[in-house]
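Novice: To be precise about what I am sending: the file is called my_file_36.cif and holds mmCIF, C-alpha atoms.
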```cif
data_final
#
loop_
_atom_site.label_atom_id
_atom_site.label_comp_id
_atom_site.auth_asym_id
_atom_site.auth_seq_id
_atom_site.Cartn_x
_atom_site.Cartn_y
_atom_site.Cartn_z
CA MET A 20 -80.19 40.74 -21.76
CA GLU A 21 -82.63 37.87 -22.18
CA GLY A 22 -86.36 37.96 -22.77
CA LEU A 23 -89.09 35.33 -22.82
CA GLN A 24 -87.91 31.76 -22.09
CA GLY A 25 -84.21 32.61 -22.47
CA LEU A 26 -84.60 34.08 -25.97
CA PRO A 27 -82.35 37.04 -26.81
CA TRP A 28 -84.03 40.40 -26.11
CA PRO A 29 -84.71 41.44 -29.77
CA CYS A 30 -86.46 38.11 -30.32
CA PHE A 31 -88.69 38.80 -27.32
CA LEU A 32 -89.70 42.17 -28.82
CA SER A 33 -90.68 40.59 -32.11
CA LEU A 34 -92.78 37.97 -30.29
CA GLN A 35 -94.48 40.70 -28.28
CA ASN A 36 -95.43 42.59 -31.46
CA GLU A 37 -97.27 39.50 -32.72
CA VAL A 38 -100.15 40.19 -30.31
CA GLU A 39 -103.17 40.90 -32.49
CA LEU A 40 -105.03 43.99 -31.31
CA GLY A 41 -107.63 43.94 -34.07
CA GLU A 42 -108.37 45.84 -37.27
CA LEU A 43 -110.23 49.03 -38.13
CA LEU A 44 -111.97 49.83 -41.44
CA LEU A 45 -111.86 53.56 -42.21
CA SER A 46 -112.84 55.72 -45.14
CA LEU A 47 -111.35 59.17 -45.72
CA ASN A 48 -112.12 61.95 -48.16
CA TYR A 49 -111.24 65.60 -48.46
CA LEU A 50 -113.43 68.33 -49.93
CA PRO A 51 -111.06 71.16 -50.91
CA SER A 52 -113.78 73.72 -51.70
CA ALA A 53 -115.32 73.29 -48.24
CA GLY A 54 -112.03 72.65 -46.43
CA ARG A 55 -113.57 69.52 -44.84
CA LEU A 56 -111.78 66.29 -43.96
CA ASN A 57 -114.43 63.58 -43.71
CA VAL A 58 -113.84 60.38 -41.79
CA ASP A 59 -116.07 57.31 -41.76
CA VAL A 60 -115.43 54.77 -39.02
CA ILE A 61 -117.08 51.79 -40.67
CA ARG A 62 -116.28 48.78 -38.52
CA ALA A 63 -113.66 46.92 -36.50
CA LYS A 64 -112.94 43.23 -36.28
CA GLN A 65 -111.19 40.82 -33.94
CA LEU A 66 -110.55 43.47 -31.31
CA LEU A 67 -108.56 42.44 -28.27
CA GLN A 68 -111.17 41.57 -25.64
CA THR A 69 -110.83 43.83 -22.60
CA ASP A 70 -113.52 42.30 -20.38
CA VAL A 71 -113.40 38.52 -20.34
CA SER A 72 -116.65 38.12 -18.39
CA GLN A 73 -118.89 40.40 -20.47
CA GLY A 74 -117.07 40.99 -23.74
CA SER A 75 -115.77 44.37 -24.84
CA ASP A 76 -117.79 47.55 -25.28
CA PRO A 77 -115.52 49.20 -27.87
CA PHE A 78 -115.55 52.76 -29.16
CA VAL A 79 -113.17 54.78 -31.33
CA LYS A 80 -111.74 58.17 -30.37
CA ILE A 81 -110.72 60.28 -33.39
CA GLN A 82 -108.35 63.15 -32.70
CA LEU A 83 -107.21 65.76 -35.20
CA VAL A 84 -103.65 66.92 -34.57
CA HIS A 85 -102.26 69.86 -36.54
CA GLY A 86 -98.47 69.80 -36.47
CA LEU A 87 -98.00 68.76 -32.84
CA LYS A 88 -101.10 70.44 -31.41
CA LEU A 89 -104.34 68.61 -30.57
CA VAL A 90 -107.12 70.51 -32.33
CA LYS A 91 -110.33 68.44 -32.02
CA THR A 92 -111.58 65.18 -30.49
CA LYS A 93 -114.63 63.16 -31.53
CA LYS A 94 -115.89 59.70 -30.53
CA THR A 95 -118.06 56.95 -31.92
CA SER A 96 -120.77 55.43 -29.79
CA PHE A 97 -119.74 52.34 -27.83
CA LEU A 98 -121.23 49.00 -28.77
CA LYS A 99 -121.92 46.51 -26.00
CA GLY A 100 -120.39 43.05 -25.76
CA THR A 101 -118.67 42.68 -29.14
CA ILE A 102 -115.18 42.37 -30.58
CA ASP A 103 -116.52 42.90 -34.14
CA PRO A 104 -118.45 46.20 -33.98
CA PHE A 105 -120.19 47.88 -36.92
CA TYR A 106 -120.13 51.65 -36.43
CA ASN A 107 -120.96 53.28 -39.78
CA GLU A 108 -120.42 56.69 -38.16
CA SER A 109 -119.23 59.78 -40.02
CA PHE A 110 -117.21 62.70 -38.70
CA SER A 111 -116.14 65.92 -40.36
CA PHE A 112 -113.21 68.14 -39.43
CA LYS A 113 -112.58 71.68 -40.68
CA VAL A 114 -109.09 71.63 -42.23
CA PRO A 115 -108.15 74.39 -44.69
CA GLN A 116 -106.33 72.99 -47.73
CA GLU A 117 -103.09 74.81 -46.85
CA GLU A 118 -103.07 73.04 -43.44
CA LEU A 119 -103.87 69.54 -44.74
CA GLU A 120 -100.22 68.51 -45.22
CA ASN A 121 -99.56 69.19 -41.50
CA ALA A 122 -102.61 67.27 -40.24
CA SER A 123 -102.71 63.86 -38.58
CA LEU A 124 -105.69 61.81 -37.45
CA VAL A 125 -105.15 59.63 -34.38
CA PHE A 126 -107.60 56.73 -34.09
CA THR A 127 -107.62 55.04 -30.68
CA VAL A 128 -109.87 52.10 -29.88
CA PHE A 129 -110.92 51.72 -26.25
CA GLY A 130 -113.08 49.27 -24.36
CA HIS A 131 -115.73 51.29 -22.51
CA ASN A 132 -115.47 50.72 -18.77
CA MET A 133 -118.07 52.11 -16.35
CA LYS A 134 -116.08 51.28 -13.19
CA SER A 135 -112.67 52.74 -14.08
CA SER A 136 -110.85 54.44 -16.93
CA ASN A 137 -111.48 53.05 -20.39
CA ASP A 138 -109.27 50.16 -21.50
CA PHE A 139 -106.82 50.89 -24.34
CA ILE A 140 -107.11 48.36 -27.19
CA GLY A 141 -105.06 49.85 -30.04
CA ARG A 142 -104.16 52.91 -32.08
CA ILE A 143 -103.13 54.07 -35.54
CA VAL A 144 -102.12 57.49 -36.87
CA ILE A 145 -102.89 58.61 -40.42
CA GLY A 146 -101.50 61.82 -41.91
CA GLN A 147 -98.32 63.86 -41.55
CA TYR A 148 -97.07 61.62 -38.72
CA SER A 149 -98.48 58.26 -39.88
CA SER A 150 -97.73 55.26 -37.69
CA GLY A 151 -96.72 52.98 -40.58
CA PRO A 152 -96.58 52.37 -44.34
CA SER A 153 -100.21 51.23 -44.59
CA GLU A 154 -101.41 54.42 -42.89
CA SER A 155 -99.13 56.61 -45.07
CA ASN A 156 -100.46 54.89 -48.18
CA HIS A 157 -104.10 55.53 -47.16
CA TRP A 158 -103.34 59.23 -46.53
CA ARG A 159 -101.55 59.61 -49.92
CA ARG A 160 -104.41 57.91 -51.76
CA MET A 161 -106.90 60.26 -50.08
CA LEU A 162 -104.78 63.33 -50.97
CA ASN A 163 -104.58 62.22 -54.61
CA THR A 164 -108.33 61.62 -54.99
CA HIS A 165 -110.10 64.70 -53.60
CA ARG A 166 -113.88 64.37 -53.22
CA THR A 167 -113.69 60.56 -53.47
CA ALA A 168 -113.95 58.32 -50.40
CA VAL A 169 -110.94 56.03 -49.95
CA GLY A 170 -111.48 53.06 -47.65
CA GLN A 171 -108.87 50.77 -46.10
CA TRP A 172 -108.42 48.24 -43.30
CA HIS A 173 -105.72 49.02 -40.72
CA SER A 174 -104.11 46.74 -38.13
CA LEU A 175 -104.15 48.39 -34.73
CA ARG A 176 -100.81 49.05 -33.05
CA SER A 177 -99.78 49.36 -29.41
CA ARG A 178 -99.58 52.77 -27.75
CA ALA A 179 -95.81 52.30 -27.29
CA GLU A 180 -95.29 51.52 -30.98
CA CYS A 181 -97.32 54.55 -32.10
CA ASP A 182 -95.56 56.82 -29.60
CA ARG A 183 -92.19 55.61 -30.87
CA VAL A 184 -92.88 56.28 -34.58
CA SER A 185 -95.45 59.10 -34.56
CA PRO A 186 -94.99 62.42 -32.69
CA ALA A 187 -98.75 63.02 -33.12
CA SER A 188 -99.47 59.97 -30.94
CA LEU A 189 -97.64 61.62 -28.05
CA GLU A 190 -100.00 64.63 -28.21
CA VAL A 191 -103.20 62.71 -27.43
CA THR A 192 -104.62 60.67 -24.55
#
```
Go ahead and render the structure in this file as structure tokens.

Specialist:
Amino acid sequence: MEGLQGLPWPCFLSLQNEVELGELLLSLNYLPSAGRLNVDVIRAKQLLQTDVSQGSDPFVKIQLVHGLKLVKTKKTSFLKGTIDPFYNESFSFKVPQEELENASLVFTVFGHNMKSSNDFIGRIVIGQYSSGPSESNHWRRMLNTHRTAVGQWHSLRSRAECDRVSPASLEVT
């Protein structure tokens, strides 16, 4: 099977994965005494532009998945006409300490669209079913430093890539 411009199929896949979807800066901390998982969506940069004429109106959907069950969904506000939004928005999820090891946070960036469904930009999963080594590392650092915020940049991934590597990604919209 051949892909782009006669290249063998695996080569085509690696070229396709080079598409930059953007990056997301997140901070996580866990408060064991309160059983609270706190998430700060700080900013994003170089997001894939979903509306060429007016720029993107991006927002982030944060979904808590416990095991393979969607538990809670929260969203940032959407910011008009930018691919480099500053959010500085905080969210808190009730997660008892004994359930923390089975939790995953799914972060999906969308371009807000008034006329039709929102445009998917990218996704990452952090937690039990992390979507990659960078996400796993962030989760481990947060688990090892209770009560201290741990920030990290993450490169967004495609929906197909997240669905392939993270069962939690399959549980959300």

Novice: Hey, what's within 12 Å of Glu117 of chain A if we count only C-alpha atoms and toss same-chain stuff fewer than 4 positions away? As a ChimeraX atom specification, please?

Specialist: /A:51-52,54-55,85,113,121-122

Novice: Selection in question (the file shown): the PyMOL selection byres ((chain A and resi 66) around 8). Which residues does it include, as a tab-separated table (two decimals) with C-alpha atoms, in the coordinates of the input?

Specialist:
```tsv
chain	number	residue	atom	x	y	z
A	39	GLU	CA	-103.17	40.90	-32.49
A	40	LEU	CA	-105.03	43.99	-31.31
A	41	GLY	CA	-107.63	43.94	-34.07
A	42	GLU	CA	-108.37	45.84	-37.27
A	63	ALA	CA	-113.66	46.92	-36.50
A	64	LYS	CA	-112.94	43.23	-36.28
A	65	GLN	CA	-111.19	40.82	-33.94
A	67	LEU	CA	-108.56	42.44	-28.27
A	68	GLN	CA	-111.17	41.57	-25.64
A	102	ILE	CA	-115.18	42.37	-30.58
A	103	ASP	CA	-116.52	42.90	-34.14
A	140	ILE	CA	-107.11	48.36	-27.19
```

Novice: So how far away is atom CA of Thr167 of chain A from atom CA of Asn107 of chain A, in Å?

Specialist: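 Answer for the atom CA of Asn107 of chain A to atom CA of Thr167 of chain A separation: 17.1 Å.
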
Novice: So how many Å separate atom CA of Leu175 of chain A and atom CA of His131 of chain A, to one decimal?

Specialist: 17.1 Å

Novice: Near His173 of chain A, counting all atoms listed in the file, which residues have an atom at most 9 Å away, once you skip same-chain residues fewer than 5 positions from it, shown as number ranges by chain?

Specialist: A: 41-45, 143, 153-154

Novice: Could you please take those selected residues and save C-alpha atoms as a compact mmCIF listing (two decimals), in the coordinates of the input?

Specialist:
```txt
# COMPACT_ATOMS: atom_id res chain seq x y z
CA GLY A 41 -107.63 43.94 -34.07
CA GLU A 42 -108.37 45.84 -37.27
CA LEU A 43 -110.23 49.03 -38.13
CA LEU A 44 -111.97 49.83 -41.44
CA LEU A 45 -111.86 53.56 -42.21
CA ILE A 143 -103.13 54.07 -35.54
CA SER A 153 -100.21 51.23 -44.59
CA GLU A 154 -101.41 54.42 -42.89
```

Novice: Which is closer to Ala187 of chain A than all the others in A:Gln82, A:Thr95, A:Asn156, A:Ser111, using all atoms listed in the file?

Specialist: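 Between A:Gln82, A:Thr95, A:Asn156, A:Ser111, the residue approaching Ala187 of chain A most closely is A:Gln82.
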
Novice: Measuring between all atoms listed in the file, which one of A:Leu50, A:Val125, A:Ala179, A:Leu162 shows the shortest distance to Val79 of chain A?

Specialist: A:Val125

Novice: Have a look at A:Ala53, A:Tyr106, A:Arg178, A:Asn48 and name the one nearest to His157 of chain A; count all atoms listed in the file.

Specialist: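 So, comparing all the options, the nearest one is A:Asn48.
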
Novice: Please enumerate the residues selected by the PyMOL selection byres ((chain A and resi 137) around 12) when evaluated against the supplied file, formatted as number ranges by chain.

Specialist: A: 69-70, 75-80, 97, 127-136, 138-140, 192

Novice: Restricting the calculation to only C-alpha atoms: of A:Arg176, A:Glu190, A:Ile81, A:Met161, which residue gets closest to Phe126 of chain A?

Specialist: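 Among the listed residues, the smallest separation from Phe126 of chain A belongs to A:Ile81.
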
Novice: In Å, with one decimal, what is the gap from atom CA of Phe112 of chain A to atom CA of Pro152 of chain A?

Specialist: 23.4 Å
